[in-house]
Amino acid sequence: MSKTKHFGEVSIVTSMGSDQYIPLTDANGNITRITKDNLLASLIGDHTLSMMSSGVYILFCTSQDPKFVPPERWSEYSANGALGVVVVEGGRNLVIALDEPAAGTMYWNSAAGLCGTANTSWKSIAVDLDGESKTAAIMASANYEQSNPGNYAVGYCNQYSCFKSTTGYGISAGKWWLPSMGELIMMYSNFDKINYALSVAGGAALQRADYWSSSESSSTYAWSLDMTYGRIGYGTKASYLHRVRPVSALLQLTLQS
């Protein structure tokens, strides 16, 4: 049953029962019964997909210039192959890699040692959006694993690359990095949208788990973000296993044939 409120001669419907409908008459006098769900679907239409992906796009290229489109339009361009998912937020953009390490989790480093700059304030790292320079500094540090860097979080991201045989173009190694805490927060705030775009592009979903950042707390600890609750924490670099997802950026990437 519906609920109504009466104001003088006007009755305002405040809810509609599942067994009720609105009659819709066409030019020939034919009546169609419109239920609440029918009405909602017809009003929203394809806008549902747009709302699910607002601010999140799929990246590809057919030449040296990158292009990105909403997930609902990906079928028009899928033959080119996706290079990643783009998040646009607050005037910034972040490219999320399509996959993660096969093992699922990694140590941050093989041993303790400060590789960049220590920051013990979660308030400072929460707004840090410079994972690129942090990754570069860490990779150049004598304290970072140099013999097999790709087996650890920062090195894995630095060595990550994505090329498409369909176009001959991609984003080369050295143009990806381990996200800073601020960049991880961008990913967390768009978690469902990113995963929707990843599923459309054929990528691996982000997990509701801890992800390493390139932000260091000390020689022993590095900061991480729990994608389940949005909790900022830190773990021992050489003994905590967390998930890792490489990122890049549209304005900084180089596409190579």
# chains A, B, ... in the order shown; residues from 1 in each chain; ligands from 1
call {"tool": "closest_atom_pairs", "arguments": {"of": "segment 187-237 of chain A", "to": "segment 143-151 of chain A", "cutoff": "12 Å", "atoms": "only C-alpha atoms", "output": "CSV"}}
result
residue,atom,partner,partner_atom,distance
A:Ser219,CA,A:Asn143,CA,9.2
A:Thr220,CA,A:Asn143,CA,11.3
A:Lys237,CA,A:Tyr144,CA,10.6
call {"tool": "residues_around", "arguments": {"residues": "Tyr107 of chain A", "least_positions_apart": "5", "cutoff": "10 Å", "atoms": "only C-alpha atoms", "output": "MDAnalysis selection string"}}
result
chainID A and resid 151:154 212 235:244
call {"tool": "write_last_selection", "arguments": {"atoms": "N, CA, C and O atoms", "output": "PDB file, in the first residue's frame"}}
result
ATOM      1  N   ASN A 151      61.732  -8.434  -6.568  1.00  0.00           N
ATOM      2  CA  ASN A 151      61.077  -9.348  -5.623  1.00  0.00           C
ATOM      3  C   ASN A 151      60.475  -8.612  -4.434  1.00  0.00           C
ATOM      4  O   ASN A 151      59.882  -9.246  -3.556  1.00  0.00           O
ATOM      5  N   TYR A 152      60.644  -7.285  -4.407  1.00  0.00           N
ATOM      6  CA  TYR A 152      60.154  -6.482  -3.294  1.00  0.00           C
ATOM      7  C   TYR A 152      59.297  -5.335  -3.826  1.00  0.00           C
ATOM      8  O   TYR A 152      59.349  -4.998  -5.009  1.00  0.00           O
ATOM      9  N   ALA A 153      58.509  -4.737  -2.944  1.00  0.00           N
ATOM     10  CA  ALA A 153      57.414  -3.840  -3.351  1.00  0.00           C
ATOM     11  C   ALA A 153      57.851  -2.694  -4.263  1.00  0.00           C
ATOM     12  O   ALA A 153      57.288  -2.495  -5.343  1.00  0.00           O
ATOM     13  N   VAL A 154      58.847  -1.937  -3.840  1.00  0.00           N
ATOM     14  CA  VAL A 154      59.245  -0.754  -4.616  1.00  0.00           C
ATOM     15  C   VAL A 154      59.862  -1.163  -5.947  1.00  0.00           C
ATOM     16  O   VAL A 154      59.528  -0.615  -6.995  1.00  0.00           O
ATOM     17  N   TRP A 212      51.108  -1.701   0.550  1.00  0.00           N
ATOM     18  CA  TRP A 212      52.297  -0.926   0.863  1.00  0.00           C
ATOM     19  C   TRP A 212      52.268   0.438   0.170  1.00  0.00           C
ATOM     20  O   TRP A 212      51.798   0.554  -0.957  1.00  0.00           O
ATOM     21  N   GLY A 235      54.140  -1.164   8.868  1.00  0.00           N
ATOM     22  CA  GLY A 235      54.596  -2.527   9.109  1.00  0.00           C
ATOM     23  C   GLY A 235      56.102  -2.623   8.938  1.00  0.00           C
ATOM     24  O   GLY A 235      56.736  -1.749   8.313  1.00  0.00           O
ATOM     25  N   THR A 236      56.686  -3.678   9.471  1.00  0.00           N
ATOM     26  CA  THR A 236      58.114  -3.904   9.350  1.00  0.00           C
ATOM     27  C   THR A 236      58.455  -4.245   7.905  1.00  0.00           C
ATOM     28  O   THR A 236      57.874  -5.157   7.321  1.00  0.00           O
ATOM     29  N   LYS A 237      59.382  -3.497   7.318  1.00  0.00           N
ATOM     30  CA  LYS A 237      59.685  -3.622   5.896  1.00  0.00           C
ATOM     31  C   LYS A 237      60.060  -5.038   5.473  1.00  0.00           C
ATOM     32  O   LYS A 237      59.668  -5.501   4.400  1.00  0.00           O
ATOM     33  N   ALA A 238      60.856  -5.722   6.300  1.00  0.00           N
ATOM     34  CA  ALA A 238      61.404  -7.009   5.905  1.00  0.00           C
ATOM     35  C   ALA A 238      60.647  -8.208   6.463  1.00  0.00           C
ATOM     36  O   ALA A 238      61.049  -9.349   6.225  1.00  0.00           O
ATOM     37  N   SER A 239      59.543  -7.974   7.196  1.00  0.00           N
ATOM     38  CA  SER A 239      58.835  -9.131   7.765  1.00  0.00           C
ATOM     39  C   SER A 239      57.316  -9.071   7.607  1.00  0.00           C
ATOM     40  O   SER A 239      56.632 -10.038   7.913  1.00  0.00           O
ATOM     41  N   TYR A 240      56.761  -7.948   7.113  1.00  0.00           N
ATOM     42  CA  TYR A 240      55.329  -7.851   6.862  1.00  0.00           C
ATOM     43  C   TYR A 240      55.056  -8.047   5.373  1.00  0.00           C
ATOM     44  O   TYR A 240      55.714  -7.437   4.530  1.00  0.00           O
ATOM     45  N   LEU A 241      54.102  -8.885   5.065  1.00  0.00           N
ATOM     46  CA  LEU A 241      53.685  -9.127   3.687  1.00  0.00           C
ATOM     47  C   LEU A 241      52.403  -8.349   3.398  1.00  0.00           C
ATOM     48  O   LEU A 241      51.386  -8.575   4.043  1.00  0.00           O
ATOM     49  N   HIS A 242      52.462  -7.420   2.452  1.00  0.00           N
ATOM     50  CA  HIS A 242      51.284  -6.647   2.046  1.00  0.00           C
ATOM     51  C   HIS A 242      51.127  -6.714   0.536  1.00  0.00           C
ATOM     52  O   HIS A 242      52.039  -7.107  -0.199  1.00  0.00           O
ATOM     53  N   ARG A 243      49.982  -6.290   0.060  1.00  0.00           N
ATOM     54  CA  ARG A 243      49.721  -6.259  -1.375  1.00  0.00           C
ATOM     55  C   ARG A 243      50.400  -5.043  -2.003  1.00  0.00           C
ATOM     56  O   ARG A 243      50.729  -4.062  -1.302  1.00  0.00           O
ATOM     57  N   VAL A 244      50.591  -5.098  -3.330  1.00  0.00           N
ATOM     58  CA  VAL A 244      51.319  -4.063  -4.048  1.00  0.00           C
ATOM     59  C   VAL A 244      50.598  -3.789  -5.367  1.00  0.00           C
ATOM     60  O   VAL A 244      50.244  -4.720  -6.091  1.00  0.00           O
TER      61      VAL A 244
END
call {"tool": "atom_distance", "arguments": {"atom1": "atom CA of Pro71 of chain A", "atom2": "atom CA of Arg92 of chain A"}}
result
19.2 Å
call {"tool": "select_by_dssp", "arguments": {"residues": "segment 53-173 of chain A", "states": "strand (DSSP E)", "output": "VMD selection string"}}
result
chain A and resid 56 to 61 66 to 69 84 to 89 92 to 96 162 to 164 169 to 171
call {"tool": "write_last_selection", "arguments": {"atoms": "C-alpha atoms", "output": "PDB file, in the first residue's frame"}}
result
ATOM      1  CA  VAL A  56      37.404   6.761 -13.435  1.00  0.00           C
ATOM      2  CA  TYR A  57      38.404   5.793 -16.984  1.00  0.00           C
ATOM      3  CA  ILE A  58      40.183   3.103 -18.993  1.00  0.00           C
ATOM      4  CA  LEU A  59      43.513   4.081 -20.567  1.00  0.00           C
ATOM      5  CA  PHE A  60      44.640   2.970 -24.037  1.00  0.00           C
ATOM      6  CA  CYS A  61      46.518   4.355 -27.013  1.00  0.00           C
ATOM      7  CA  PRO A  66      47.243   8.375 -24.532  1.00  0.00           C
ATOM      8  CA  LYS A  67      43.457   8.212 -24.630  1.00  0.00           C
ATOM      9  CA  PHE A  68      41.005   7.342 -21.879  1.00  0.00           C
ATOM     10  CA  VAL A  69      37.272   6.640 -21.952  1.00  0.00           C
ATOM     11  CA  GLY A  84      45.452   0.781 -16.979  1.00  0.00           C
ATOM     12  CA  VAL A  85      42.635   2.558 -15.178  1.00  0.00           C
ATOM     13  CA  VAL A  86      42.783   6.353 -14.737  1.00  0.00           C
ATOM     14  CA  VAL A  87      41.446   8.107 -11.630  1.00  0.00           C
ATOM     15  CA  VAL A  88      40.854  11.862 -11.979  1.00  0.00           C
ATOM     16  CA  GLU A  89      40.306  13.627  -8.668  1.00  0.00           C
ATOM     17  CA  ARG A  92      45.188  15.194 -10.300  1.00  0.00           C
ATOM     18  CA  ASN A  93      45.249  11.956 -12.244  1.00  0.00           C
ATOM     19  CA  LEU A  94      46.565   8.545 -11.312  1.00  0.00           C
ATOM     20  CA  VAL A  95      46.967   5.500 -13.567  1.00  0.00           C
ATOM     21  CA  ILE A  96      46.298   2.198 -11.779  1.00  0.00           C
ATOM     22  CA  CYS A 162      52.627  -2.748 -19.878  1.00  0.00           C
ATOM     23  CA  PHE A 163      52.768  -3.085 -23.666  1.00  0.00           C
ATOM     24  CA  LYS A 164      50.051  -4.104 -26.112  1.00  0.00           C
ATOM     25  CA  TYR A 169      52.603   0.921 -27.575  1.00  0.00           C
ATOM     26  CA  GLY A 170      52.699   0.799 -23.816  1.00  0.00           C
ATOM     27  CA  ILE A 171      54.041   2.319 -20.604  1.00  0.00           C
TER      28      ILE A 171
END
call {"tool": "residues_around", "arguments": {"residues": "Ser199 of chain A", "least_positions_apart": "2", "cutoff": "12 Å", "atoms": "only C-alpha atoms", "output": "list in words"}}
result
Ser53, Tyr57, Ile58, Pro71, Glu72, Trp74, Ala82, Gly84, Val85, Leu98, Asp99, Asp192, Lys193, Ile194, Asn195, Tyr196, Ala197, Ala201, Gly202, Gly203, Ala204, Ala205 and Leu206 of chain A
call {"tool": "closest_residue", "arguments": {"among": "A:Ala142, A:Met187, A:Ile22, A:Leu178", "to": "Gly113 of chain A", "atoms": "only C-alpha atoms"}}
result
A:Ala142
call {"tool": "closest_residue", "arguments": {"among": "A:Trp108, A:Trp176, A:Trp223, A:Tyr77", "to": "Ser121 of chain A", "atoms": "only C-alpha atoms"}}
result
A:Trp223
call {"tool": "select_by_dssp", "arguments": {"residues": "segment 168-249 of chain A", "states": "alpha helix (DSSP H)", "output": "PyMOL selection string"}}
result
chain A and resi 181-189+191-201
call {"tool": "atom_distance", "arguments": {"atom1": "atom CA of Gly91 of chain A", "atom2": "atom CA of Lys134 of chain A"}}
result
20.8 Å
call {"tool": "atom_distance", "arguments": {"atom1": "atom CA of Gly81 of chain A", "atom2": "atom CA of Glu183 of chain A"}}
result
24.6 Å
call {"tool": "closest_residue", "arguments": {"among": "A:Leu250, A:Ala97, A:Met181, A:Val200", "to": "Ser124 of chain A", "atoms": "only C-alpha atoms"}}
result
A:Met181
call {"tool": "closest_residue", "arguments": {"among": "A:Asn30, A:Thr117, A:Ser214, A:Asn80", "to": "Cys157 of chain A", "atoms": "only C-alpha atoms"}}
result
A:Ser214
call {"tool": "closest_residue", "arguments": {"among": "A:Ile34, A:Leu83, A:Val247, A:Leu184", "to": "Asn158 of chain A", "atoms": "only C-alpha atoms"}}
result
A:Val247
call {"tool": "decode", "arguments": {"residues": "segment 28-156 of chain A", "atoms": "C-alpha atoms", "output": "JSON list (two decimals), in the first residue's frame"}}
result
[["chain", "number", "residue", "atom", "x", "y", "z"],
["A", 28, "ASN", "CA", -3.85, 5.08, -29.50],
["A", 29, "GLY", "CA", -5.39, 4.80, -26.05],
["A", 30, "ASN", "CA", -3.33, 1.76, -25.08],
["A", 31, "ILE", "CA", -2.51, 1.63, -21.40],
["A", 32, "THR", "CA", 0.80, 0.41, -20.04],
["A", 33, "ARG", "CA", 1.23, -0.29, -16.35],
["A", 34, "ILE", "CA", 4.43, 1.23, -14.95],
["A", 35, "THR", "CA", 5.70, -0.19, -11.67],
["A", 36, "LYS", "CA", 8.04, 1.64, -9.34],
["A", 37, "ASP", "CA", 11.04, -0.36, -10.61],
["A", 38, "ASN", "CA", 10.06, 0.21, -14.26],
["A", 39, "LEU", "CA", 9.82, 3.93, -13.63],
["A", 40, "LEU", "CA", 13.19, 4.08, -11.89],
["A", 41, "ALA", "CA", 14.92, 2.15, -14.67],
["A", 42, "SER", "CA", 13.41, 4.32, -17.41],
["A", 43, "LEU", "CA", 14.37, 7.55, -15.64],
["A", 44, "ILE", "CA", 17.95, 6.48, -14.91],
["A", 45, "GLY", "CA", 18.68, 4.46, -18.05],
["A", 46, "ASP", "CA", 22.38, 4.34, -18.95],
["A", 47, "HIS", "CA", 23.17, 6.99, -16.36],
["A", 48, "THR", "CA", 23.57, 4.15, -13.86],
["A", 49, "LEU", "CA", 26.84, 3.14, -15.52],
["A", 50, "SER", "CA", 28.01, 6.75, -15.64],
["A", 51, "MET", "CA", 27.40, 7.15, -11.92],
["A", 52, "MET", "CA", 29.31, 3.93, -11.22],
["A", 53, "SER", "CA", 32.37, 5.13, -13.12],
["A", 54, "SER", "CA", 32.35, 8.93, -12.65],
["A", 55, "GLY", "CA", 35.95, 10.17, -12.51],
["A", 56, "VAL", "CA", 37.40, 6.76, -13.43],
["A", 57, "TYR", "CA", 38.40, 5.79, -16.98],
["A", 58, "ILE", "CA", 40.18, 3.10, -18.99],
["A", 59, "LEU", "CA", 43.51, 4.08, -20.57],
["A", 60, "PHE", "CA", 44.64, 2.97, -24.04],
["A", 61, "CYS", "CA", 46.52, 4.36, -27.01],
["A", 62, "THR", "CA", 46.55, 3.97, -30.77],
["A", 63, "SER", "CA", 49.56, 6.23, -31.27],
["A", 64, "GLN", "CA", 51.97, 8.07, -28.99],
["A", 65, "ASP", "CA", 49.10, 10.01, -27.45],
["A", 66, "PRO", "CA", 47.24, 8.38, -24.53],
["A", 67, "LYS", "CA", 43.46, 8.21, -24.63],
["A", 68, "PHE", "CA", 41.00, 7.34, -21.88],
["A", 69, "VAL", "CA", 37.27, 6.64, -21.95],
["A", 70, "PRO", "CA", 34.55, 5.78, -19.40],
["A", 71, "PRO", "CA", 34.14, 2.01, -18.82],
["A", 72, "GLU", "CA", 30.69, 2.03, -20.45],
["A", 73, "ARG", "CA", 32.33, 3.02, -23.76],
["A", 74, "TRP", "CA", 35.18, 0.54, -23.57],
["A", 75, "SER", "CA", 33.58, -1.91, -26.03],
["A", 76, "GLU", "CA", 34.20, 0.68, -28.78],
["A", 77, "TYR", "CA", 37.97, 0.67, -28.14],
["A", 78, "SER", "CA", 38.73, -2.68, -26.49],
["A", 79, "ALA", "CA", 40.59, -3.97, -29.59],
["A", 80, "ASN", "CA", 43.44, -1.60, -28.66],
["A", 81, "GLY", "CA", 43.97, -3.22, -25.27],
["A", 82, "ALA", "CA", 43.84, -1.43, -21.93],
["A", 83, "LEU", "CA", 47.00, -0.01, -20.35],
["A", 84, "GLY", "CA", 45.45, 0.78, -16.98],
["A", 85, "VAL", "CA", 42.64, 2.56, -15.18],
["A", 86, "VAL", "CA", 42.78, 6.35, -14.74],
["A", 87, "VAL", "CA", 41.45, 8.11, -11.63],
["A", 88, "VAL", "CA", 40.85, 11.86, -11.98],
["A", 89, "GLU", "CA", 40.31, 13.63, -8.67],
["A", 90, "GLY", "CA", 41.01, 17.09, -7.30],
["A", 91, "GLY", "CA", 42.86, 18.20, -10.42],
["A", 92, "ARG", "CA", 45.19, 15.19, -10.30],
["A", 93, "ASN", "CA", 45.25, 11.96, -12.24],
["A", 94, "LEU", "CA", 46.56, 8.54, -11.31],
["A", 95, "VAL", "CA", 46.97, 5.50, -13.57],
["A", 96, "ILE", "CA", 46.30, 2.20, -11.78],
["A", 97, "ALA", "CA", 48.06, -0.89, -13.15],
["A", 98, "LEU", "CA", 45.87, -3.72, -14.41],
["A", 99, "ASP", "CA", 47.41, -6.35, -12.14],
["A", 100, "GLU", "CA", 49.42, -7.13, -9.03],
["A", 101, "PRO", "CA", 52.26, -9.54, -8.18],
["A", 102, "ALA", "CA", 51.40, -13.17, -8.87],
["A", 103, "ALA", "CA", 52.26, -14.10, -5.30],
["A", 104, "GLY", "CA", 49.65, -11.62, -4.05],
["A", 105, "THR", "CA", 51.83, -10.09, -1.31],
["A", 106, "MET", "CA", 55.41, -8.86, -0.97],
["A", 107, "TYR", "CA", 57.87, -7.59, 1.59],
["A", 108, "TRP", "CA", 58.72, -3.90, 1.28],
["A", 109, "ASN", "CA", 62.47, -4.58, 1.37],
["A", 110, "SER", "CA", 64.87, -7.44, 2.15],
["A", 111, "ALA", "CA", 66.23, -5.76, 5.29],
["A", 112, "ALA", "CA", 65.85, -2.72, 7.52],
["A", 113, "GLY", "CA", 67.41, 0.56, 6.41],
["A", 114, "LEU", "CA", 66.18, 4.04, 5.59],
["A", 115, "CYS", "CA", 66.01, 4.42, 1.80],
["A", 116, "GLY", "CA", 64.40, 7.83, 1.49],
["A", 117, "THR", "CA", 62.96, 10.26, 4.04],
["A", 118, "ALA", "CA", 61.43, 9.13, 7.33],
["A", 119, "ASN", "CA", 58.06, 10.64, 8.21],
["A", 120, "THR", "CA", 56.40, 9.65, 11.47],
["A", 121, "SER", "CA", 53.32, 11.86, 11.02],
["A", 122, "TRP", "CA", 50.30, 10.19, 9.45],
["A", 123, "LYS", "CA", 48.81, 13.66, 8.93],
["A", 124, "SER", "CA", 51.69, 14.58, 6.62],
["A", 125, "ILE", "CA", 51.77, 11.36, 4.62],
["A", 126, "ALA", "CA", 47.99, 11.35, 4.16],
["A", 127, "VAL", "CA", 48.36, 14.30, 1.76],
["A", 128, "ASP", "CA", 51.59, 13.09, 0.17],
["A", 129, "LEU", "CA", 50.96, 12.58, -3.57],
["A", 130, "ASP", "CA", 54.55, 12.16, -4.75],
["A", 131, "GLY", "CA", 55.13, 8.42, -4.95],
["A", 132, "GLU", "CA", 57.15, 8.87, -8.14],
["A", 133, "SER", "CA", 60.04, 10.79, -6.56],
["A", 134, "LYS", "CA", 59.95, 8.58, -3.46],
["A", 135, "THR", "CA", 60.25, 5.44, -5.57],
["A", 136, "ALA", "CA", 63.17, 6.94, -7.52],
["A", 137, "ALA", "CA", 64.99, 7.87, -4.31],
["A", 138, "ILE", "CA", 64.41, 4.44, -2.78],
["A", 139, "MET", "CA", 65.64, 2.64, -5.90],
["A", 140, "ALA", "CA", 68.84, 4.72, -5.82],
["A", 141, "SER", "CA", 69.50, 4.01, -2.14],
["A", 142, "ALA", "CA", 72.25, 1.63, -1.07],
["A", 143, "ASN", "CA", 69.89, 0.43, 1.67],
["A", 144, "TYR", "CA", 67.39, -0.95, -0.83],
["A", 145, "GLU", "CA", 67.63, -4.49, -2.18],
["A", 146, "GLN", "CA", 69.84, -4.19, -5.28],
["A", 147, "SER", "CA", 70.39, -7.82, -6.31],
["A", 148, "ASN", "CA", 66.74, -8.77, -6.82],
["A", 149, "PRO", "CA", 64.74, -5.52, -6.48],
["A", 150, "GLY", "CA", 61.78, -6.89, -8.45],
["A", 151, "ASN", "CA", 61.08, -9.35, -5.62],
["A", 152, "TYR", "CA", 60.15, -6.48, -3.29],
["A", 153, "ALA", "CA", 57.41, -3.84, -3.35],
["A", 154, "VAL", "CA", 59.25, -0.75, -4.62],
["A", 155, "GLY", "CA", 61.39, -2.61, -7.14],
["A", 156, "TYR", "CA", 58.43, -4.56, -8.48]]
